[in-house]
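S.K.: Okay, handing you the structure first.
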Amino acid sequence: MLITLEDVLTPAELAQARVLLDRSTWASGRITAGPQAAVAKHNRQLPEDAEHLPTLRHLVLQALQRNALFITAALPLKVLPPFFNRYDEEASHYDWHADNAMRQAPGGGHVRADVSATLFLSEPEEYDGGELTIEDTFGSHGIKLRAGGMVLYPASSIHRVTPVTRGRRTACFMFIQSMVRDPGQRRLLFDLDMALLELRAQLGETGPVVRLTGVYHNLLRRWADS
Ligand code: NI
């Protein structure tokens, strides 16, 4: 399931992030890639010791915390600190790959990557190519969002970023352990929650709306780990 969220960052946050990213020194994207991904990965990434990385991470995580749609779509249990990457004509693409299932958490232990997220920080007209292409059971989807928009997709999917042939594409990406591990169950809960939101707006808290809300929570209780 792919879910896109618009305007995850406010225009002011987006502008601030872009200034900080332009002032940063970028490293090879291979710093966080496993052996298979390292062969496929041809981009740049902000290194862990980058001066502005803590500010950038805080800015993105804060934006996610206030985003109700992100929370209902991802049902986040643990969110790993976001990474920032850049593609241009010299370091232009990331071939088909799978993301690692388990990632080290900064404070020790591991986080299981259930949901991958890409937050676009460049406008589509600033570059050619650079489509995030994701394979799912319905085929392959090319995604290019407005700056400030985010796509969520199952971390289990095979995906790539097609070569950037003009300009520069800057993005933020991150991995989330969801309370609901199974992508099909997450999708059902998301669809139910979205339908309930509409029903509640149309009808108010009628008896059936209250009972269906109970069904949502009982499914979540059945499927969630904590
Ligand atoms: Ni990836």
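Labels used: A, B, ... for chains in the order of the structure tokens, numbers from 1 for residues in each chain, and numbers from 1 for ligands as shown.
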Show me which residues line ligand 1, defined as having an atom within 7 Å of a ligand atom where only C-alpha atoms and all ligand atoms count, and present them as a PyMOL selection string.
M.R.: chain A and resi 97-99+159-160
S.K.: Could you give me, as a tab-separated table, every segment 57-132 of chain A residue with an atom at most 9 Å from segment 177-198 of chain A, plus its closest atom pair and distance in Å to one decimal, counting only C-alpha atoms, rows ordered by chain then number?
M.R.:
```
residue	atom	partner	partner_atom	distance
A:Thr72	CA	A:Phe190	CA	6.1
A:Ala73	CA	A:Phe190	CA	5.6
A:Ala74	CA	A:Ser178	CA	6.1
A:Leu75	CA	A:Ser178	CA	5.3
A:Pro76	CA	A:Ser178	CA	4.5
A:Leu77	CA	A:Ser178	CA	5.0
A:Lys78	CA	A:Gln177	CA	5.1
A:Val79	CA	A:Gln177	CA	6.4
A:Leu80	CA	A:Gln177	CA	8.2
A:Val111	CA	A:Gln177	CA	6.1
A:Arg112	CA	A:Gln177	CA	5.2
A:Ala113	CA	A:Gln177	CA	5.1
A:Asp114	CA	A:Gln177	CA	5.1
A:Val115	CA	A:Gln177	CA	6.6
```
S.K.: Got time to write the residues from that selection, C-alpha atoms, as a CSV table (one decimal), in the first residue's frame?
M.R.:
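Result written to part_5.csv:
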```csv
chain,number,residue,atom,x,y,z
A,72,THR,CA,-3.2,6.6,11.3
A,73,ALA,CA,-1.4,5.4,8.2
A,74,ALA,CA,1.9,4.2,9.8
A,75,LEU,CA,0.6,3.5,13.4
A,76,PRO,CA,4.2,4.2,14.5
A,77,LEU,CA,5.7,2.4,17.4
A,78,LYS,CA,9.3,3.5,16.9
A,79,VAL,CA,10.5,6.0,14.3
A,80,LEU,CA,14.3,5.9,13.5
A,111,VAL,CA,14.0,-1.4,15.2
A,112,ARG,CA,12.1,-3.5,12.7
A,113,ALA,CA,11.6,-1.5,9.5
A,114,ASP,CA,7.9,-2.1,8.6
A,115,VAL,CA,7.2,1.2,6.8
```
S.K.: Identify, on the basis of only C-alpha atoms, every residue whose closest approach to Val151 of chain A does not exceed 9 Å; exclude the query and any residue fewer than 6 positions from it along the same chain; express the result as a list of chain:residue names.
M.R.: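 My reading of the contact set: A:Leu2, A:Ile3, A:Thr4, A:Leu5, A:Glu6, A:Ser116, A:Ala117, A:Thr118, A:Leu119, A:Phe120, A:Ile143, A:Leu145.
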S.K.: For N, CA and C atoms, I'd like the residues from the last selection saved as a PDB file, in the first residue's frame.
M.R.:
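Output contents, as saved in result35.pdb:
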```pdb
ATOM      1  N   LEU A   2       0.552   2.163  -0.851  1.00  0.00           N
ATOM      2  CA  LEU A   2       1.259   3.435  -0.870  1.00  0.00           C
ATOM      3  C   LEU A   2       0.301   4.494  -0.366  1.00  0.00           C
ATOM      4  N   ILE A   3       0.770   5.327   0.524  1.00  0.00           N
ATOM      5  CA  ILE A   3      -0.068   6.422   1.006  1.00  0.00           C
ATOM      6  C   ILE A   3       0.742   7.697   0.870  1.00  0.00           C
ATOM      7  N   THR A   4       0.158   8.688   0.217  1.00  0.00           N
ATOM      8  CA  THR A   4       0.888   9.949   0.092  1.00  0.00           C
ATOM      9  C   THR A   4       0.236  11.005   0.984  1.00  0.00           C
ATOM     10  N   LEU A   5       1.082  11.805   1.607  1.00  0.00           N
ATOM     11  CA  LEU A   5       0.635  12.875   2.506  1.00  0.00           C
ATOM     12  C   LEU A   5       1.204  14.180   1.955  1.00  0.00           C
ATOM     13  N   GLU A   6       0.338  15.161   1.766  1.00  0.00           N
ATOM     14  CA  GLU A   6       0.808  16.463   1.266  1.00  0.00           C
ATOM     15  C   GLU A   6       1.141  17.377   2.434  1.00  0.00           C
ATOM     16  N   SER A 116       8.577   2.285   5.148  1.00  0.00           N
ATOM     17  CA  SER A 116       9.599   3.219   4.681  1.00  0.00           C
ATOM     18  C   SER A 116       8.887   4.509   4.282  1.00  0.00           C
ATOM     19  N   ALA A 117       9.555   5.617   4.474  1.00  0.00           N
ATOM     20  CA  ALA A 117       8.944   6.898   4.125  1.00  0.00           C
ATOM     21  C   ALA A 117       9.953   7.766   3.407  1.00  0.00           C
ATOM     22  N   THR A 118       9.500   8.442   2.367  1.00  0.00           N
ATOM     23  CA  THR A 118      10.337   9.434   1.690  1.00  0.00           C
ATOM     24  C   THR A 118       9.611  10.768   1.719  1.00  0.00           C
ATOM     25  N   LEU A 119      10.301  11.770   2.215  1.00  0.00           N
ATOM     26  CA  LEU A 119       9.769  13.133   2.264  1.00  0.00           C
ATOM     27  C   LEU A 119      10.510  13.932   1.196  1.00  0.00           C
ATOM     28  N   PHE A 120       9.780  14.439   0.232  1.00  0.00           N
ATOM     29  CA  PHE A 120      10.404  15.179  -0.874  1.00  0.00           C
ATOM     30  C   PHE A 120      10.724  16.603  -0.418  1.00  0.00           C
ATOM     31  N   ILE A 143       6.873   7.638  -8.306  1.00  0.00           N
ATOM     32  CA  ILE A 143       6.363   8.699  -7.424  1.00  0.00           C
ATOM     33  C   ILE A 143       7.296   9.887  -7.385  1.00  0.00           C
ATOM     34  N   LEU A 145       6.698  13.750  -5.704  1.00  0.00           N
ATOM     35  CA  LEU A 145       5.730  14.620  -5.031  1.00  0.00           C
ATOM     36  C   LEU A 145       6.256  16.050  -4.963  1.00  0.00           C
TER      37      LEU A 145
END
```
S.K.: Residues near segment 7-17 of chain A, anyone? I mean within 7 Å using only C-alpha atoms, not counting same-chain ones fewer than 5 positions away, as a list in words.
M.R.: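 Here the answer would be Leu56, Ala63, Gly148, Gly149 and Met150 of chain A.
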S.K.: Can I get the selected residues back with N, CA, C and O atoms, as an mmCIF file, in the first residue's frame?
M.R.:
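Contents of out-v6.cif, as written:
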```cif
data_model
loop_
_atom_site.group_PDB
_atom_site.id
_atom_site.type_symbol
_atom_site.label_atom_id
_atom_site.label_comp_id
_atom_site.auth_asym_id
_atom_site.auth_seq_id
_atom_site.Cartn_x
_atom_site.Cartn_y
_atom_site.Cartn_z
ATOM 1 N N LEU A 56 17.763 19.224 11.663
ATOM 2 C CA LEU A 56 16.935 18.713 10.559
ATOM 3 C C LEU A 56 16.068 17.542 11.031
ATOM 4 O O LEU A 56 14.885 17.449 10.704
ATOM 5 N N ALA A 63 7.267 17.509 12.856
ATOM 6 C CA ALA A 63 6.199 17.619 11.856
ATOM 7 C C ALA A 63 5.383 16.328 11.797
ATOM 8 O O ALA A 63 4.161 16.357 11.623
ATOM 9 N N GLY A 148 7.777 18.910 0.429
ATOM 10 C CA GLY A 148 6.961 18.893 1.649
ATOM 11 C C GLY A 148 6.005 17.716 1.691
ATOM 12 O O GLY A 148 5.398 17.458 2.715
ATOM 13 N N GLY A 149 5.860 16.983 0.579
ATOM 14 C CA GLY A 149 4.985 15.809 0.520
ATOM 15 C C GLY A 149 5.756 14.540 0.874
ATOM 16 O O GLY A 149 6.969 14.459 0.674
ATOM 17 N N MET A 150 5.027 13.562 1.382
ATOM 18 C CA MET A 150 5.665 12.320 1.835
ATOM 19 C C MET A 150 4.917 11.109 1.305
ATOM 20 O O MET A 150 3.688 11.129 1.223
#
```
S.K.: Among segment 74-183 of chain A, which ones does DSSP place in strand (DSSP E), written as a CSV table (one decimal) with C-alpha atoms, in the first residue's frame?
M.R.:
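Done, and the output landed in result.csv:
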```csv
chain,number,residue,atom,x,y,z
A,76,PRO,CA,4.2,4.2,14.5
A,77,LEU,CA,5.7,2.4,17.4
A,78,LYS,CA,9.3,3.5,16.9
A,79,VAL,CA,10.5,6.0,14.3
A,83,PHE,CA,18.3,10.5,6.9
A,84,PHE,CA,18.8,13.0,4.2
A,85,ASN,CA,20.0,12.3,0.6
A,86,ARG,CA,20.7,14.1,-2.6
A,87,TYR,CA,20.8,13.0,-6.2
A,93,HIS,CA,20.4,7.0,-8.8
A,94,TYR,CA,19.7,4.1,-6.6
A,95,ASP,CA,19.1,0.8,-8.4
A,96,TRP,CA,16.4,-1.8,-7.4
A,97,HIS,CA,17.0,-2.9,-3.8
A,102,MET,CA,16.3,-4.7,11.2
A,103,ARG,CA,18.1,-1.5,12.0
A,104,GLN,CA,20.1,-0.5,15.0
A,110,HIS,CA,16.9,-2.8,17.1
A,111,VAL,CA,14.0,-1.4,15.2
A,112,ARG,CA,12.1,-3.5,12.7
A,115,VAL,CA,7.2,1.2,6.8
A,116,SER,CA,9.6,3.2,4.7
A,117,ALA,CA,8.9,6.9,4.1
A,118,THR,CA,10.3,9.4,1.7
A,119,LEU,CA,9.8,13.1,2.3
A,120,PHE,CA,10.4,15.2,-0.9
A,127,TYR,CA,15.0,18.1,-11.6
A,128,ASP,CA,14.3,15.5,-14.3
A,129,GLY,CA,14.2,11.8,-13.5
A,132,LEU,CA,10.9,6.8,-6.6
A,133,THR,CA,9.7,3.6,-8.2
A,134,ILE,CA,8.0,1.0,-5.9
A,135,GLU,CA,6.9,-2.5,-6.8
A,136,ASP,CA,3.9,-3.8,-5.1
A,139,GLY,CA,2.8,-3.4,-10.3
A,140,SER,CA,5.3,-0.7,-10.3
A,141,HIS,CA,4.5,2.9,-9.3
A,142,GLY,CA,6.6,6.0,-10.0
A,143,ILE,CA,6.4,8.7,-7.4
A,150,MET,CA,5.7,12.3,1.8
A,151,VAL,CA,5.0,8.8,0.6
A,152,LEU,CA,4.7,5.8,2.9
A,153,TYR,CA,5.3,2.3,1.5
A,154,PRO,CA,5.9,-1.1,2.9
A,159,HIS,CA,12.2,-0.1,-5.0
A,160,ARG,CA,14.6,2.3,-6.7
A,161,VAL,CA,15.3,5.9,-7.6
A,164,VAL,CA,18.4,12.3,-12.1
A,165,THR,CA,19.3,13.7,-15.5
A,166,ARG,CA,19.0,17.4,-14.7
A,167,GLY,CA,19.1,19.4,-11.5
A,169,ARG,CA,16.7,16.1,-5.9
A,170,THR,CA,17.0,16.4,-2.2
A,171,ALA,CA,14.9,14.2,0.1
A,172,CYS,CA,14.6,12.8,3.6
A,173,PHE,CA,13.9,9.1,4.2
A,174,MET,CA,13.2,7.1,7.3
A,175,PHE,CA,12.1,3.8,8.6
A,176,ILE,CA,9.3,3.1,11.0
A,177,GLN,CA,8.4,0.1,13.2
A,178,SER,CA,4.6,0.0,13.2
```
S.K.: Give me every helix (DSSP H, G or I) residue in chain A, going by DSSP on the backbone, as a ChimeraX atom specification.
M.R.: /A:11-22,29-32,35-40,53-65,68-74,124-126,183-203,207-223
S.K.: Can you write just those residues out, C-alpha atoms, as a PDB file, in the first residue's frame?
M.R.:
```pdb
ATOM      1  CA  PRO A  11       6.500  26.383   3.923  1.00  0.00           C
ATOM      2  CA  ALA A  12       8.666  27.901   6.709  1.00  0.00           C
ATOM      3  CA  GLU A  13       9.966  24.484   7.811  1.00  0.00           C
ATOM      4  CA  LEU A  14      10.648  23.489   4.238  1.00  0.00           C
ATOM      5  CA  ALA A  15      12.582  26.705   3.609  1.00  0.00           C
ATOM      6  CA  GLN A  16      14.605  26.221   6.809  1.00  0.00           C
ATOM      7  CA  ALA A  17      15.415  22.602   5.929  1.00  0.00           C
ATOM      8  CA  ARG A  18      16.549  23.585   2.452  1.00  0.00           C
ATOM      9  CA  VAL A  19      18.860  26.321   3.747  1.00  0.00           C
ATOM     10  CA  LEU A  20      20.469  23.930   6.256  1.00  0.00           C
ATOM     11  CA  LEU A  21      20.863  21.210   3.629  1.00  0.00           C
ATOM     12  CA  ASP A  22      22.505  23.622   1.208  1.00  0.00           C
ATOM     13  CA  GLY A  29      25.360   7.379   0.215  1.00  0.00           C
ATOM     14  CA  ARG A  30      27.118   4.072   0.853  1.00  0.00           C
ATOM     15  CA  ILE A  31      27.711   4.986   4.512  1.00  0.00           C
ATOM     16  CA  THR A  32      24.410   3.445   5.608  1.00  0.00           C
ATOM     17  CA  PRO A  35      26.599  -4.917   1.051  1.00  0.00           C
ATOM     18  CA  GLN A  36      23.878  -5.506  -1.556  1.00  0.00           C
ATOM     19  CA  ALA A  37      22.540  -1.956  -1.434  1.00  0.00           C
ATOM     20  CA  ALA A  38      26.074  -0.506  -1.585  1.00  0.00           C
ATOM     21  CA  VAL A  39      26.453  -1.815  -5.137  1.00  0.00           C
ATOM     22  CA  ALA A  40      23.147  -0.234  -6.152  1.00  0.00           C
ATOM     23  CA  LEU A  53      21.636  16.925  11.171  1.00  0.00           C
ATOM     24  CA  PRO A  54      20.165  17.162  14.726  1.00  0.00           C
ATOM     25  CA  THR A  55      18.153  20.284  13.796  1.00  0.00           C
ATOM     26  CA  LEU A  56      16.935  18.713  10.559  1.00  0.00           C
ATOM     27  CA  ARG A  57      15.919  15.503  12.298  1.00  0.00           C
ATOM     28  CA  HIS A  58      14.068  17.385  15.004  1.00  0.00           C
ATOM     29  CA  LEU A  59      12.228  19.467  12.424  1.00  0.00           C
ATOM     30  CA  VAL A  60      10.987  16.393  10.528  1.00  0.00           C
ATOM     31  CA  LEU A  61      10.100  14.329  13.603  1.00  0.00           C
ATOM     32  CA  GLN A  62       8.162  17.224  15.089  1.00  0.00           C
ATOM     33  CA  ALA A  63       6.199  17.619  11.856  1.00  0.00           C
ATOM     34  CA  LEU A  64       5.318  13.910  11.897  1.00  0.00           C
ATOM     35  CA  GLN A  65       4.152  13.990  15.498  1.00  0.00           C
ATOM     36  CA  ALA A  68      -2.794  12.757  12.212  1.00  0.00           C
ATOM     37  CA  LEU A  69      -2.770  11.160   8.771  1.00  0.00           C
ATOM     38  CA  PHE A  70       0.826   9.961   9.246  1.00  0.00           C
ATOM     39  CA  ILE A  71      -0.127   8.439  12.585  1.00  0.00           C
ATOM     40  CA  THR A  72      -3.187   6.599  11.284  1.00  0.00           C
ATOM     41  CA  ALA A  73      -1.356   5.370   8.171  1.00  0.00           C
ATOM     42  CA  ALA A  74       1.872   4.215   9.835  1.00  0.00           C
ATOM     43  CA  PRO A 124       9.385  18.301  -9.185  1.00  0.00           C
ATOM     44  CA  GLU A 125      10.346  21.040 -11.680  1.00  0.00           C
ATOM     45  CA  GLU A 126      13.798  21.382 -10.090  1.00  0.00           C
ATOM     46  CA  PRO A 183       0.895  -4.328   5.712  1.00  0.00           C
ATOM     47  CA  GLY A 184      -2.520  -5.822   4.795  1.00  0.00           C
ATOM     48  CA  GLN A 185      -3.808  -5.346   8.340  1.00  0.00           C
ATOM     49  CA  ARG A 186      -2.409  -1.804   8.406  1.00  0.00           C
ATOM     50  CA  ARG A 187      -4.231  -1.037   5.181  1.00  0.00           C
ATOM     51  CA  LEU A 188      -7.560  -2.351   6.522  1.00  0.00           C
ATOM     52  CA  LEU A 189      -7.217  -0.232   9.649  1.00  0.00           C
ATOM     53  CA  PHE A 190      -6.340   2.834   7.591  1.00  0.00           C
ATOM     54  CA  ASP A 191      -9.325   2.371   5.253  1.00  0.00           C
ATOM     55  CA  LEU A 192     -11.664   1.815   8.183  1.00  0.00           C
ATOM     56  CA  ASP A 193     -10.337   4.858  10.026  1.00  0.00           C
ATOM     57  CA  MET A 194     -10.672   7.085   6.950  1.00  0.00           C
ATOM     58  CA  ALA A 195     -14.240   5.885   6.308  1.00  0.00           C
ATOM     59  CA  LEU A 196     -15.140   6.472   9.963  1.00  0.00           C
ATOM     60  CA  LEU A 197     -13.774  10.001   9.782  1.00  0.00           C
ATOM     61  CA  GLU A 198     -16.139  10.754   6.888  1.00  0.00           C
ATOM     62  CA  LEU A 199     -19.102   9.029   8.497  1.00  0.00           C
ATOM     63  CA  ARG A 200     -18.559  10.927  11.729  1.00  0.00           C
ATOM     64  CA  ALA A 201     -18.445  14.223   9.820  1.00  0.00           C
ATOM     65  CA  GLN A 202     -21.643  13.373   7.914  1.00  0.00           C
ATOM     66  CA  LEU A 203     -23.681  11.740  10.667  1.00  0.00           C
ATOM     67  CA  GLY A 207     -25.001   4.373  17.267  1.00  0.00           C
ATOM     68  CA  PRO A 208     -23.563   2.592  14.211  1.00  0.00           C
ATOM     69  CA  VAL A 209     -20.602   5.027  14.050  1.00  0.00           C
ATOM     70  CA  VAL A 210     -19.840   4.325  17.706  1.00  0.00           C
ATOM     71  CA  ARG A 211     -20.072   0.545  17.130  1.00  0.00           C
ATOM     72  CA  LEU A 212     -17.802   0.719  14.072  1.00  0.00           C
ATOM     73  CA  THR A 213     -15.314   2.813  16.056  1.00  0.00           C
ATOM     74  CA  GLY A 214     -15.347  -0.028  18.570  1.00  0.00           C
ATOM     75  CA  VAL A 215     -14.603  -2.470  15.753  1.00  0.00           C
ATOM     76  CA  TYR A 216     -11.604  -0.348  14.701  1.00  0.00           C
ATOM     77  CA  HIS A 217     -10.190  -0.364  18.217  1.00  0.00           C
ATOM     78  CA  ASN A 218     -10.868  -4.054  18.726  1.00  0.00           C
ATOM     79  CA  LEU A 219      -9.015  -4.890  15.504  1.00  0.00           C
ATOM     80  CA  LEU A 220      -6.139  -2.674  16.602  1.00  0.00           C
ATOM     81  CA  ARG A 221      -6.107  -4.416  19.996  1.00  0.00           C
ATOM     82  CA  ARG A 222      -5.998  -7.782  18.242  1.00  0.00           C
ATOM     83  CA  TRP A 223      -3.222  -6.861  15.815  1.00  0.00           C
TER      84      TRP A 223
END
```
S.K.: Please measure the separation of atom CA of Pro81 of chain A and atom CA of Arg168 of chain A, giving the value in Å to one decimal.
M.R.: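 Atom-to-atom, atom CA of Pro81 of chain A and atom CA of Arg168 of chain A are spaced 23.1 Å apart.
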S.K.: Enter the distance from atom CA of Pro163 of chain A to atom CA of Ser92 of chain A, in Å, rounded to one decimal.
M.R.: 4.9 Å
